[in-house]
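target.txt, holding compact mmCIF, C-alpha atoms and all ligand atoms:
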# COMPACT_ATOMS: atom_id res chain seq x y z
CA MET A 1 -236.75 -68.91 152.25
CA PRO A 2 -237.78 -71.73 149.89
CA THR A 3 -240.28 -71.22 147.10
CA ALA A 4 -240.69 -74.79 145.85
CA VAL A 5 -242.98 -77.27 147.53
CA ARG A 6 -241.26 -80.55 148.39
CA PRO A 7 -242.66 -83.77 149.79
CA THR A 8 -242.89 -83.58 153.56
CA PRO A 9 -239.79 -85.40 154.78
CA PRO A 10 -240.04 -88.10 157.42
CA LEU A 11 -239.07 -86.96 160.90
CA PRO A 12 -235.92 -88.65 162.12
CA GLY A 13 -235.78 -90.04 165.64
CA LEU A 14 -235.54 -87.84 168.71
CA THR A 15 -231.82 -88.51 169.05
CA VAL A 16 -231.10 -87.10 165.59
CA ARG A 17 -233.32 -84.07 166.11
CA ARG A 18 -231.72 -83.32 169.48
CA ALA A 19 -228.17 -83.79 168.22
CA ALA A 20 -228.81 -81.49 165.25
CA LEU A 21 -230.11 -78.66 167.43
CA LEU A 22 -227.57 -79.03 170.23
CA GLY A 23 -224.74 -79.15 167.69
CA TRP A 24 -226.01 -75.92 166.15
CA PHE A 25 -226.39 -74.38 169.63
CA ALA A 26 -222.76 -75.18 170.48
CA ARG A 27 -221.67 -73.35 167.31
CA ALA A 28 -224.15 -70.52 167.05
CA GLY A 29 -226.01 -70.10 170.36
CA ARG A 30 -225.99 -66.75 172.16
CA ALA A 31 -223.38 -67.85 174.70
CA THR A 32 -222.27 -64.34 175.63
CA LEU A 33 -225.55 -63.11 177.10
CA PRO A 34 -224.68 -61.84 180.61
CA TRP A 35 -227.27 -64.00 182.40
CA ARG A 36 -225.67 -67.09 180.87
CA LEU A 37 -222.56 -67.01 183.04
CA GLY A 38 -221.72 -70.51 184.21
CA GLU A 39 -222.94 -73.85 182.88
CA ALA A 40 -226.58 -74.36 181.99
CA GLY A 41 -228.05 -76.42 184.78
CA ALA A 42 -225.96 -74.66 187.41
CA ARG A 43 -226.48 -70.97 186.75
CA ASP A 44 -227.05 -68.26 189.34
CA PRO A 45 -230.82 -68.50 189.95
CA TYR A 46 -231.10 -64.79 190.78
CA ARG A 47 -229.59 -63.69 187.47
CA VAL A 48 -231.62 -66.20 185.45
CA TRP A 49 -234.85 -65.25 187.21
CA VAL A 50 -234.37 -61.48 186.72
CA ALA A 51 -233.44 -61.99 183.04
CA GLU A 52 -236.40 -64.25 182.29
CA ILE A 53 -238.88 -61.85 183.90
CA LEU A 54 -237.35 -58.85 182.16
CA LEU A 55 -237.22 -60.46 178.71
CA GLN A 56 -240.86 -61.52 178.71
CA GLN A 57 -242.02 -58.24 177.15
CA THR A 58 -238.68 -56.81 176.08
CA GLN A 59 -236.46 -57.50 173.10
CA VAL A 60 -233.01 -58.87 173.94
CA VAL A 61 -231.10 -55.85 172.60
CA ARG A 62 -233.00 -53.45 174.82
CA GLY A 63 -233.15 -56.06 177.60
CA LEU A 64 -229.36 -56.12 177.80
CA GLU A 65 -229.30 -52.47 178.79
CA TYR A 66 -232.14 -52.81 181.29
CA TYR A 67 -230.66 -56.00 182.76
CA GLY A 68 -227.29 -54.33 183.36
CA ARG A 69 -228.96 -51.37 185.02
CA PHE A 70 -231.14 -53.55 187.24
CA LEU A 71 -228.31 -55.86 188.33
CA ASN A 72 -226.16 -52.84 189.02
CA ALA A 73 -228.84 -51.39 191.30
CA PHE A 74 -229.69 -54.74 192.96
CA PRO A 75 -226.77 -57.15 192.59
CA THR A 76 -228.24 -59.69 195.02
CA VAL A 77 -231.67 -60.92 196.01
CA GLU A 78 -231.06 -59.44 199.47
CA ALA A 79 -230.46 -56.00 197.95
CA LEU A 80 -233.66 -56.30 195.91
CA ALA A 81 -235.73 -57.41 198.91
CA ALA A 82 -234.44 -54.53 201.06
CA ALA A 83 -235.00 -51.82 198.44
CA PRO A 84 -237.96 -49.42 198.61
CA GLU A 85 -240.54 -50.10 195.89
CA ALA A 86 -239.91 -46.67 194.37
CA ASP A 87 -236.23 -47.53 193.82
CA VAL A 88 -237.12 -50.84 192.15
CA LEU A 89 -239.57 -49.10 189.83
CA LYS A 90 -236.94 -46.49 189.00
CA ALA A 91 -234.47 -49.23 188.03
CA TRP A 92 -237.22 -50.86 185.91
CA GLU A 93 -238.00 -47.56 184.17
CA GLY A 94 -238.65 -48.03 180.45
CA CYS A 95 -239.24 -51.80 180.65
CA GLY A 96 -243.04 -51.47 180.90
CA TYR A 97 -245.46 -53.83 182.67
CA TYR A 98 -244.38 -52.55 186.06
CA ALA A 99 -246.31 -55.24 187.92
CA ARG A 100 -243.33 -57.43 187.00
CA ALA A 101 -240.98 -55.22 188.99
CA ARG A 102 -243.29 -55.10 192.01
CA ASN A 103 -243.65 -58.89 191.94
CA LEU A 104 -239.87 -59.36 191.65
CA ARG A 105 -239.41 -57.34 194.81
CA ARG A 106 -242.21 -59.22 196.64
CA ALA A 107 -240.76 -62.57 195.58
CA ALA A 108 -237.29 -61.45 196.67
CA GLY A 109 -238.73 -60.88 200.14
CA VAL A 110 -240.01 -64.48 200.18
CA ILE A 111 -236.65 -65.83 198.95
CA VAL A 112 -234.71 -63.95 201.63
CA GLN A 113 -236.95 -65.57 204.26
CA GLU A 114 -237.17 -69.07 202.79
CA GLY A 115 -234.20 -69.45 200.45
CA PHE A 116 -234.23 -69.95 196.68
CA PRO A 117 -236.78 -72.56 195.56
CA GLN A 118 -234.97 -75.68 194.40
CA ASP A 119 -237.52 -76.94 191.90
CA TYR A 120 -240.23 -76.02 189.40
CA ALA A 121 -243.11 -76.16 191.89
CA GLY A 122 -241.26 -73.91 194.32
CA TRP A 123 -240.61 -71.27 191.67
CA LEU A 124 -244.18 -71.46 190.42
CA ALA A 125 -245.40 -70.56 193.91
CA LEU A 126 -243.57 -67.20 193.93
CA PRO A 127 -245.40 -63.96 193.05
CA GLY A 128 -245.17 -63.14 189.35
CA VAL A 129 -243.68 -66.50 188.32
CA GLY A 130 -245.66 -68.44 185.72
CA PRO A 131 -245.01 -71.83 184.08
CA TYR A 132 -242.56 -70.38 181.54
CA THR A 133 -240.32 -68.67 184.12
CA ALA A 134 -240.53 -71.61 186.54
CA ALA A 135 -239.45 -74.00 183.76
CA ALA A 136 -236.65 -71.68 182.62
CA VAL A 137 -235.16 -71.12 186.09
CA SER A 138 -235.54 -74.71 187.28
CA SER A 139 -233.89 -76.07 184.12
CA LEU A 140 -231.17 -73.42 183.75
CA ALA A 141 -230.21 -73.06 187.41
CA TYR A 142 -231.01 -76.52 188.77
CA GLY A 143 -230.93 -78.86 185.77
CA GLU A 144 -234.56 -79.95 186.24
CA ALA A 145 -236.06 -81.54 183.11
CA ARG A 146 -238.74 -78.93 182.36
CA ALA A 147 -239.44 -77.74 178.81
CA VAL A 148 -240.14 -74.05 178.30
CA ASN A 149 -243.08 -72.98 176.19
CA ASP A 150 -243.14 -69.40 174.93
CA GLY A 151 -243.72 -67.60 171.65
CA ASN A 152 -240.37 -68.67 170.18
CA VAL A 153 -240.90 -72.32 171.09
CA ARG A 154 -244.45 -72.24 169.74
CA ARG A 155 -243.32 -70.85 166.38
CA VAL A 156 -240.38 -73.23 165.96
CA LEU A 157 -242.38 -76.35 166.82
CA ALA A 158 -245.40 -75.28 164.77
CA ARG A 159 -243.09 -75.03 161.76
CA LEU A 160 -241.18 -78.22 162.42
CA TYR A 161 -244.46 -80.15 162.35
CA ALA A 162 -246.39 -77.76 160.02
CA GLU A 163 -249.09 -77.26 162.62
CA ALA A 164 -251.09 -74.19 161.64
CA VAL A 165 -253.00 -73.67 164.89
CA PRO A 166 -250.98 -75.09 167.77
CA THR A 167 -252.71 -75.02 171.12
CA ASP A 168 -250.74 -74.48 174.32
CA ALA A 169 -251.26 -78.13 175.23
CA TRP A 170 -249.99 -79.26 171.80
CA VAL A 171 -246.86 -77.09 172.08
CA GLN A 172 -246.14 -78.26 175.62
CA ALA A 173 -246.57 -81.92 174.61
CA ARG A 174 -244.17 -81.53 171.65
CA ALA A 175 -241.70 -79.54 173.77
CA ASP A 176 -241.82 -82.17 176.55
CA GLU A 177 -241.24 -84.96 174.04
CA LEU A 178 -238.28 -83.22 172.39
CA LEU A 179 -236.63 -82.02 175.62
CA ASP A 180 -233.21 -83.54 176.16
CA SER A 181 -233.59 -84.49 179.82
CA ALA A 182 -229.83 -84.99 180.16
CA ARG A 183 -229.23 -81.32 179.23
CA PRO A 184 -232.53 -79.51 179.82
CA GLY A 185 -230.93 -76.08 180.32
CA ASP A 186 -228.93 -76.26 177.09
CA TRP A 187 -231.94 -77.66 175.28
CA ASN A 188 -234.29 -74.89 176.36
CA GLU A 189 -231.77 -72.21 175.45
CA ALA A 190 -231.14 -73.87 172.09
CA VAL A 191 -234.84 -73.84 171.15
CA MET A 192 -235.19 -70.25 172.35
CA ASP A 193 -232.10 -69.18 170.39
CA LEU A 194 -233.26 -70.93 167.23
CA GLY A 195 -236.57 -69.06 167.43
CA ALA A 196 -234.92 -65.73 168.23
CA THR A 197 -232.14 -65.79 165.65
CA VAL A 198 -232.99 -68.23 162.82
CA CYS A 199 -236.65 -69.26 162.83
CA THR A 200 -237.79 -65.66 163.16
CA PRO A 201 -241.44 -64.65 162.67
CA LYS A 202 -241.28 -62.92 159.28
CA ALA A 203 -238.02 -64.01 157.62
CA PRO A 204 -236.79 -67.42 158.83
CA ARG A 205 -233.26 -68.18 157.68
CA CYS A 206 -233.98 -71.79 156.78
CA SER A 207 -230.67 -72.21 154.95
CA GLU A 208 -228.91 -71.85 158.34
CA CYS A 209 -231.33 -74.05 160.27
CA PRO A 210 -230.20 -77.38 161.75
CA TRP A 211 -233.73 -78.77 161.33
CA ARG A 212 -234.20 -77.77 157.69
CA ASP A 213 -233.83 -81.30 156.29
CA PHE A 214 -236.85 -82.54 158.17
CA CYS A 215 -238.87 -79.35 158.75
CA ALA A 216 -242.38 -79.77 157.33
CA ALA A 217 -242.99 -76.01 157.07
CA PHE A 218 -239.78 -75.56 155.06
CA ALA A 219 -240.84 -78.41 152.78
CA SER A 220 -244.21 -76.71 152.25
CA GLY A 221 -242.44 -73.78 150.60
CA THR A 222 -244.15 -71.27 152.87
CA PRO A 223 -242.67 -71.62 156.36
CA THR A 224 -244.13 -68.31 157.53
CA ALA A 225 -247.62 -69.74 157.02
CA PHE A 226 -247.03 -71.62 160.28
CA PRO A 227 -248.40 -70.91 162.79
CA VAL A 228 -251.37 -68.87 161.62
CA PRO A 229 -251.04 -65.49 163.41
CA LYS A 230 -253.18 -65.11 166.51
CA VAL A 231 -255.92 -62.54 166.20
CA ARG A 232 -254.65 -59.51 168.07
CA ALA A 233 -256.87 -57.48 170.33
CA ALA A 234 -257.86 -54.24 168.64
CA VAL A 235 -255.72 -51.26 169.54
CA ARG A 236 -257.79 -48.71 171.47
CA GLU A 237 -257.14 -45.06 170.87
CA VAL A 238 -256.98 -43.02 174.06
CA ARG A 239 -257.04 -39.20 174.00
CA ALA A 240 -255.93 -37.34 177.09
CA VAL A 241 -254.51 -34.07 178.37
CA ALA A 242 -251.61 -33.67 180.79
CA VAL A 243 -250.08 -30.67 182.50
CA ILE A 244 -246.53 -29.88 183.41
CA ALA A 245 -246.68 -27.75 186.55
CA GLY A 246 -243.02 -27.09 187.19
CA ASP A 247 -239.93 -27.57 185.10
CA LEU A 248 -237.58 -30.33 183.99
CA ARG A 249 -236.04 -30.56 187.47
CA GLU A 250 -239.16 -30.51 189.63
CA ALA A 251 -242.80 -30.95 188.67
CA VAL A 252 -246.15 -31.90 190.15
CA LEU A 253 -246.44 -35.67 189.75
CA GLU A 254 -249.18 -38.14 190.62
CA ARG A 255 -249.08 -41.87 191.32
CA ARG A 256 -250.31 -44.09 188.48
CA GLU A 257 -252.61 -47.05 189.11
CA GLY A 258 -253.25 -50.27 187.15
CA ALA A 259 -251.17 -53.30 186.13
CA LEU A 260 -249.36 -51.59 183.26
CA LEU A 261 -248.02 -48.47 184.95
CA GLY A 262 -249.17 -48.99 188.54
CA GLY A 263 -246.77 -47.62 191.14
CA LEU A 264 -245.07 -45.22 188.74
CA SER A 265 -245.25 -41.48 189.02
CA GLY A 266 -246.65 -39.45 186.15
CA LEU A 267 -247.75 -36.02 185.05
CA PRO A 268 -251.29 -35.16 186.15
CA THR A 269 -253.44 -36.50 183.34
CA GLU A 270 -257.12 -36.55 182.44
CA GLU A 271 -258.59 -38.87 179.81
CA LEU A 272 -260.94 -37.23 177.32
CA ALA A 273 -264.37 -38.56 176.55
CA ALA A 274 -265.20 -39.39 172.93
CA ALA A 275 -265.21 -36.17 170.86
CA GLU A 276 -264.47 -34.08 173.97
CA ALA A 277 -262.31 -31.05 173.19
CA PRO A 278 -258.89 -30.94 174.89
CA ALA A 279 -259.80 -27.53 176.38
CA ALA A 280 -262.64 -29.15 178.35
CA GLY A 281 -260.34 -31.85 179.71
CA LEU A 282 -257.71 -29.27 180.55
CA ALA A 283 -260.24 -27.20 182.49
CA ARG A 284 -261.35 -30.31 184.43
CA LEU A 285 -257.77 -31.30 185.18
CA CYS A 286 -256.76 -27.82 186.34
CA ALA A 287 -259.88 -27.57 188.53
CA ARG A 288 -258.91 -30.86 190.19
CA LEU A 289 -255.36 -29.65 190.79
CA GLY A 290 -256.25 -26.06 191.70
CA ALA A 291 -253.93 -25.07 188.83
CA VAL A 292 -253.97 -22.29 186.26
CA PRO A 293 -253.67 -23.57 182.67
CA GLY A 294 -250.86 -22.27 180.49
CA ALA A 295 -249.55 -22.70 176.97
CA HIS A 296 -250.06 -25.78 174.79
CA LEU A 297 -246.60 -27.37 174.67
CA GLY A 298 -247.31 -30.01 172.05
CA THR A 299 -248.80 -33.42 171.32
CA VAL A 300 -247.31 -36.80 172.15
CA VAL A 301 -248.39 -39.95 170.32
CA HIS A 302 -247.34 -43.11 172.13
CA ALA A 303 -248.04 -46.73 171.19
CA MET A 304 -248.55 -49.26 173.96
CA THR A 305 -249.45 -52.93 173.59
CA HIS A 306 -253.20 -52.47 173.18
CA ARG A 307 -253.46 -48.71 173.24
CA ARG A 308 -252.41 -45.73 171.19
CA VAL A 309 -252.28 -42.67 173.40
CA ILE A 310 -252.62 -39.15 171.99
CA LEU A 311 -251.63 -36.78 174.75
CA GLU A 312 -252.07 -33.01 174.57
CA VAL A 313 -249.53 -31.47 176.92
CA TYR A 314 -249.97 -28.05 178.53
CA ALA A 315 -247.99 -25.93 180.94
CA ALA A 316 -249.76 -25.02 184.17
CA GLN A 317 -249.13 -23.10 187.34
CA SER A 318 -249.86 -24.81 190.62
CA ASP A 319 -248.91 -24.47 194.27
CA ALA A 320 -249.05 -28.26 194.74
CA ALA A 321 -245.91 -29.99 195.99
CA ARG A 322 -243.34 -30.75 193.31
CA THR A 323 -241.22 -33.89 193.03
CA PRO A 324 -237.64 -34.08 191.72
CA VAL A 325 -238.13 -35.51 188.22
CA ALA A 326 -234.78 -37.33 188.03
CA ARG A 327 -235.59 -39.42 191.11
CA ALA A 328 -239.12 -40.39 190.07
CA ALA A 329 -239.87 -43.59 188.11
CA LEU A 330 -241.71 -42.36 185.02
CA SER A 331 -243.15 -44.10 181.98
CA ARG A 332 -241.79 -43.44 178.52
CA LEU A 333 -244.99 -41.53 177.77
CA ASP A 334 -244.22 -39.11 180.61
CA HIS A 335 -240.61 -38.72 179.51
CA LYS A 336 -241.82 -37.85 176.00
CA ALA A 337 -244.26 -35.31 177.42
CA LEU A 338 -241.60 -33.71 179.62
CA ALA A 339 -239.25 -33.47 176.64
CA LEU A 340 -241.73 -31.02 175.07
CA LEU A 341 -240.77 -28.54 177.75
CA ALA A 342 -237.09 -28.45 176.83
CA PRO A 343 -237.30 -25.97 173.90
CA TRP A 344 -239.61 -23.74 175.92
CA GLN A 345 -237.19 -23.66 178.84
CA ALA A 346 -234.34 -22.98 176.42
CA GLY A 347 -236.29 -19.91 175.23
CA LEU A 348 -236.75 -21.21 171.69
CA PHE A 349 -240.54 -20.70 171.79
CA GLY A 350 -242.50 -17.83 173.22
CA PRO A 351 -245.90 -18.16 174.91
CA GLU A 352 -248.83 -18.77 172.56
S1 LIG B 401 -236.27 -74.90 158.50
FE1 LIG B 401 -236.99 -72.81 158.52
S2 LIG B 401 -239.11 -72.89 159.19
FE2 LIG B 401 -238.18 -74.86 159.69
S3 LIG B 401 -237.54 -74.66 161.84
FE3 LIG B 401 -235.81 -74.11 160.54
S4 LIG B 401 -235.90 -71.87 160.25
FE4 LIG B 401 -237.89 -72.59 161.04
Could you show the structure in this file as structure tokens?
Amino acid sequence: MPTAVRPTPPLPGLTVRRAALLGWFARAGRATLPWRLGEAGARDPYRVWVAEILLQQTQVVRGLEYYGRFLNAFPTVEALAAAPEADVLKAWEGCGYYARARNLRRAAGVIVQEGFPQDYAGWLALPGVGPYTAAAVSSLAYGEARAVNDGNVRRVLARLYAEAVPTDAWVQARADELLDSARPGDWNEAVMDLGATVCTPKAPRCSECPWRDFCAAFASGTPTAFPVPKVRAAVREVRAVAVIAGDLREAVLERREGALLGGLSGLPTEELAAAEAPAAGLARLCARLGAVPGAHLGTVVHAMTHRRVILEVYAAQSDAARTPVARAALSRLDHKALALLAPWQAGLFGPE
């Protein structure tokens, strides 16, 4: 990272900027990612679509594992369309934002009936597909000249032009102008790769950057000052109690609602009111379930995008129907809670 301030260099023409980035991409792009099989512009739309949806809220390293698991379970759009929702959610387990998985399955049903959309507008019309995904799939699978605009693109372009507060419209206009319409798939992947591997949020590796000689943020001496970070929504703390009525093989589970975890199964849970004691929530939860409360198994602290959940987990006895745990799609929070039972089942702890 530079420390000295230099005069802002003049921007060279579009041809020079494009050649610099595409040359770098040919040498250093992430060519081995599994959804990049085949030439950009003629990729398998199913693989590109699944990858782009999955990677929206997931880092690439973790996404690789989830992508392999999902493609293994549903190797074709027909397989995805025919699968029960519970199986799709199970294959999506751990990825979060489960509305994405439900929308993938719904959109697969449309594609099986109508065929893969052949252009941006067709992709945009599918459930769960926004402008970013539509631009990515139409450029990477069909060679349509559509520039993607996501967090990586926003950061890279804000720095190239030293724009502190880039609006969506500003980013899209710059991205559209820079797009190499002869190679839109390569171009979009090159910008994404530059943002993911070189022009990273906290420690850009400007010495390796193909745009360093004309990057205004680099010349300023403080590239990370661009763009100014967005104000994040405050993280809400949620306190709750949950019960494990059963064991690690079979337990009483309930269906979760809401966009984040909707459709998943989960341990019966009750949110606590402000300053409410866990014992009061446990009593309310057990009354609802017709269960008898048991030992306190432990506390799970789990960070989600805008929430920090503190979950007090108890054993309970209940005659309610149990579900095989291994077959249920569960959130990471529920897996953490269930893990508290393991030492108790192994006989390491006695009852309180
Ligand atoms: S020179 Fe540095 S700040 Fe500018 S685009 Fe490259 S990595 Fe980002």
**Item:** Nearest-residue call for Gln57 (chain A), choices A:Val16, A:Leu285, A:Ala99, A:Ala280, using all atoms listed in the file
**Value:**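 Checking each candidate against Gln57 (chain A), we get A:Ala99 as the closest.
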**Message:** What does the structure give for the distance between CA of Asp213 (chain A) and CA of Ala40 (chain A), in Å to one decimal?
**Reply:**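 That distance, rounded to one decimal, is 27.6 Å.
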**Prompt:** Within 9 Å of ligand LIG 401 (chain B), counting all atoms listed in the file, which protein or nucleic acid residues do you find, written as a PyMOL selection string?
**Reply:** chain A and resi 1-2+155-162+194-195+197-201+203-219+222-224+226
Can I get the selected residues back with C-alpha atoms, as a compact mmCIF listing (two decimals), in the frame of the given file?
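Printed below is again31.txt as written:
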# COMPACT_ATOMS: atom_id res chain seq x y z
CA MET A 1 -236.75 -68.91 152.25
CA PRO A 2 -237.78 -71.73 149.89
CA ARG A 155 -243.32 -70.85 166.38
CA VAL A 156 -240.38 -73.23 165.96
CA LEU A 157 -242.38 -76.35 166.82
CA ALA A 158 -245.40 -75.28 164.77
CA ARG A 159 -243.09 -75.03 161.76
CA LEU A 160 -241.18 -78.22 162.42
CA TYR A 161 -244.46 -80.15 162.35
CA ALA A 162 -246.39 -77.76 160.02
CA LEU A 194 -233.26 -70.93 167.23
CA GLY A 195 -236.57 -69.06 167.43
CA THR A 197 -232.14 -65.79 165.65
CA VAL A 198 -232.99 -68.23 162.82
CA CYS A 199 -236.65 -69.26 162.83
CA THR A 200 -237.79 -65.66 163.16
CA PRO A 201 -241.44 -64.65 162.67
CA ALA A 203 -238.02 -64.01 157.62
CA PRO A 204 -236.79 -67.42 158.83
CA ARG A 205 -233.26 -68.18 157.68
CA CYS A 206 -233.98 -71.79 156.78
CA SER A 207 -230.67 -72.21 154.95
CA GLU A 208 -228.91 -71.85 158.34
CA CYS A 209 -231.33 -74.05 160.27
CA PRO A 210 -230.20 -77.38 161.75
CA TRP A 211 -233.73 -78.77 161.33
CA ARG A 212 -234.20 -77.77 157.69
CA ASP A 213 -233.83 -81.30 156.29
CA PHE A 214 -236.85 -82.54 158.17
CA CYS A 215 -238.87 -79.35 158.75
CA ALA A 216 -242.38 -79.77 157.33
CA ALA A 217 -242.99 -76.01 157.07
CA PHE A 218 -239.78 -75.56 155.06
CA ALA A 219 -240.84 -78.41 152.78
CA THR A 222 -244.15 -71.27 152.87
CA PRO A 223 -242.67 -71.62 156.36
CA THR A 224 -244.13 -68.31 157.53
CA PHE A 226 -247.03 -71.62 160.28
**Message:** Please compute the CA of Val61 (chain A)-CA of Lys90 (chain A) distance, one decimal, in Å.
**Reply:**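 Computing it gives 19.8 Å between the two atoms.
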**Item:** Point (-261.6, -39.0, 174.7), cut-off 10 Å, counting all atoms listed in the file, residues as a ChimeraX atom specification
**Value:** /A:237-241,270-278,281,310
**Asked** When you draw a straight line from CA of Arg102 (chain A) to CA of Gln118 (chain A), how long is it in Å?
**Response** 22.3 Å
**Request:** Would you list the residues near (-230.8, -57.7, 187.0), meaning any protein, DNA or RNA residue with an atom at most 9 Å from that point in file coordinates, counting all atoms listed in the file, as number ranges by chain?
**Result:** A: 35, 46-51, 54, 66-76
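The shortest atom-to-atom distance to Glu52 (chain A), with all atoms listed in the file taken into account, belongs to A:Gly130 out of A:Gly96, A:Gly266, A:Gly130, A:Pro12.
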**Request:** Return the single residue from A:Ala342, A:Leu297, A:Ala20, A:Ala328 that is closest to Ala190 (chain A), with distances computed using all atoms listed in the file.
**Result:**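 Of the candidates, the smallest distance to Ala190 (chain A) is held by A:Ala20.
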**Message:** I'd like the contact shell of Lys230 (chain A) - 12 Å cut-off, all atoms listed in the file, skipping same-chain residues fewer than 3 positions apart - returned as a list in words.
**Reply:**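 Residues near the query, excluding close chain neighbours: Gly151, Arg154, Arg155, Ala164, Val165, Pro166, Thr167, Ala225, Phe226, Pro227 and Ala233 of chain A.
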**Prompt:** Between A:Gln59, A:Ser181, A:Thr305, A:Ser318, which is the closest to Ala287 (chain A) once you count only C-alpha atoms?
**Reply:** A:Ser318
**Message:** When you look at Arg62 (chain A) with a cut-off of 10 Å (counting only C-alpha atoms), what residues show up, excluding the ones that are within fewer than 5 positions of it in the same chain? I need them as a ChimeraX atom specification.
**Reply:** /A:55,67,94-95
Box time for region 133-141 of chain A: axis-aligned, enclosing all its listed atoms, 4 Å extra on each side; report centre and edge lengths in Å to one decimal, as AutoDock Vina command-line options.
--center_x -235.4 --center_y -72.4 --center_z 185.0 --size_x 18.3 --size_y 15.4 --size_z 12.8
Model the absent atoms of region 178-192 of chain A so that N, CA and C atoms are present, and write the result as a PDB file, in the frame of the given file.
ATOM      1  N   LEU A 178    -239.590 -83.512 172.981  1.00  0.00           N
ATOM      2  CA  LEU A 178    -238.280 -83.220 172.390  1.00  0.00           C
ATOM      3  C   LEU A 178    -237.200 -82.924 173.417  1.00  0.00           C
ATOM      4  N   LEU A 179    -237.594 -82.440 174.597  1.00  0.00           N
ATOM      5  CA  LEU A 179    -236.630 -82.020 175.620  1.00  0.00           C
ATOM      6  C   LEU A 179    -235.555 -83.084 175.837  1.00  0.00           C
ATOM      7  N   ASP A 180    -234.311 -82.633 175.834  1.00  0.00           N
ATOM      8  CA  ASP A 180    -233.210 -83.540 176.160  1.00  0.00           C
ATOM      9  C   ASP A 180    -233.053 -83.516 177.684  1.00  0.00           C
ATOM     10  N   SER A 181    -233.543 -84.540 178.352  1.00  0.00           N
ATOM     11  CA  SER A 181    -233.590 -84.490 179.820  1.00  0.00           C
ATOM     12  C   SER A 181    -232.191 -84.590 180.433  1.00  0.00           C
ATOM     13  N   ALA A 182    -231.194 -84.971 179.635  1.00  0.00           N
ATOM     14  CA  ALA A 182    -229.830 -84.990 180.160  1.00  0.00           C
ATOM     15  C   ALA A 182    -229.235 -83.575 180.178  1.00  0.00           C
ATOM     16  N   ARG A 183    -229.747 -82.702 179.308  1.00  0.00           N
ATOM     17  CA  ARG A 183    -229.230 -81.320 179.230  1.00  0.00           C
ATOM     18  C   ARG A 183    -230.404 -80.348 179.062  1.00  0.00           C
ATOM     19  N   PRO A 184    -231.318 -80.314 180.023  1.00  0.00           N
ATOM     20  CA  PRO A 184    -232.530 -79.510 179.820  1.00  0.00           C
ATOM     21  C   PRO A 184    -232.245 -78.012 179.692  1.00  0.00           C
ATOM     22  N   GLY A 185    -231.238 -77.509 180.415  1.00  0.00           N
ATOM     23  CA  GLY A 185    -230.930 -76.080 180.320  1.00  0.00           C
ATOM     24  C   GLY A 185    -230.421 -75.723 178.934  1.00  0.00           C
ATOM     25  N   ASP A 186    -229.446 -76.495 178.445  1.00  0.00           N
ATOM     26  CA  ASP A 186    -228.930 -76.260 177.090  1.00  0.00           C
ATOM     27  C   ASP A 186    -230.056 -76.395 176.060  1.00  0.00           C
ATOM     28  N   TRP A 187    -230.890 -77.414 176.253  1.00  0.00           N
ATOM     29  CA  TRP A 187    -231.940 -77.660 175.280  1.00  0.00           C
ATOM     30  C   TRP A 187    -232.907 -76.474 175.198  1.00  0.00           C
ATOM     31  N   ASN A 188    -233.351 -76.014 176.359  1.00  0.00           N
ATOM     32  CA  ASN A 188    -234.290 -74.890 176.360  1.00  0.00           C
ATOM     33  C   ASN A 188    -233.666 -73.652 175.734  1.00  0.00           C
ATOM     34  N   GLU A 189    -232.421 -73.386 176.054  1.00  0.00           N
ATOM     35  CA  GLU A 189    -231.770 -72.210 175.450  1.00  0.00           C
ATOM     36  C   GLU A 189    -231.596 -72.399 173.950  1.00  0.00           C
ATOM     37  N   ALA A 190    -231.322 -73.624 173.522  1.00  0.00           N
ATOM     38  CA  ALA A 190    -231.140 -73.870 172.090  1.00  0.00           C
ATOM     39  C   ALA A 190    -232.425 -73.608 171.316  1.00  0.00           C
ATOM     40  N   VAL A 191    -233.564 -74.075 171.844  1.00  0.00           N
ATOM     41  CA  VAL A 191    -234.840 -73.840 171.150  1.00  0.00           C
ATOM     42  C   VAL A 191    -235.144 -72.342 171.133  1.00  0.00           C
ATOM     43  N   MET A 192    -234.919 -71.692 172.279  1.00  0.00           N
ATOM     44  CA  MET A 192    -235.190 -70.250 172.350  1.00  0.00           C
ATOM     45  C   MET A 192    -234.302 -69.497 171.359  1.00  0.00           C
TER      46      MET A 192
END
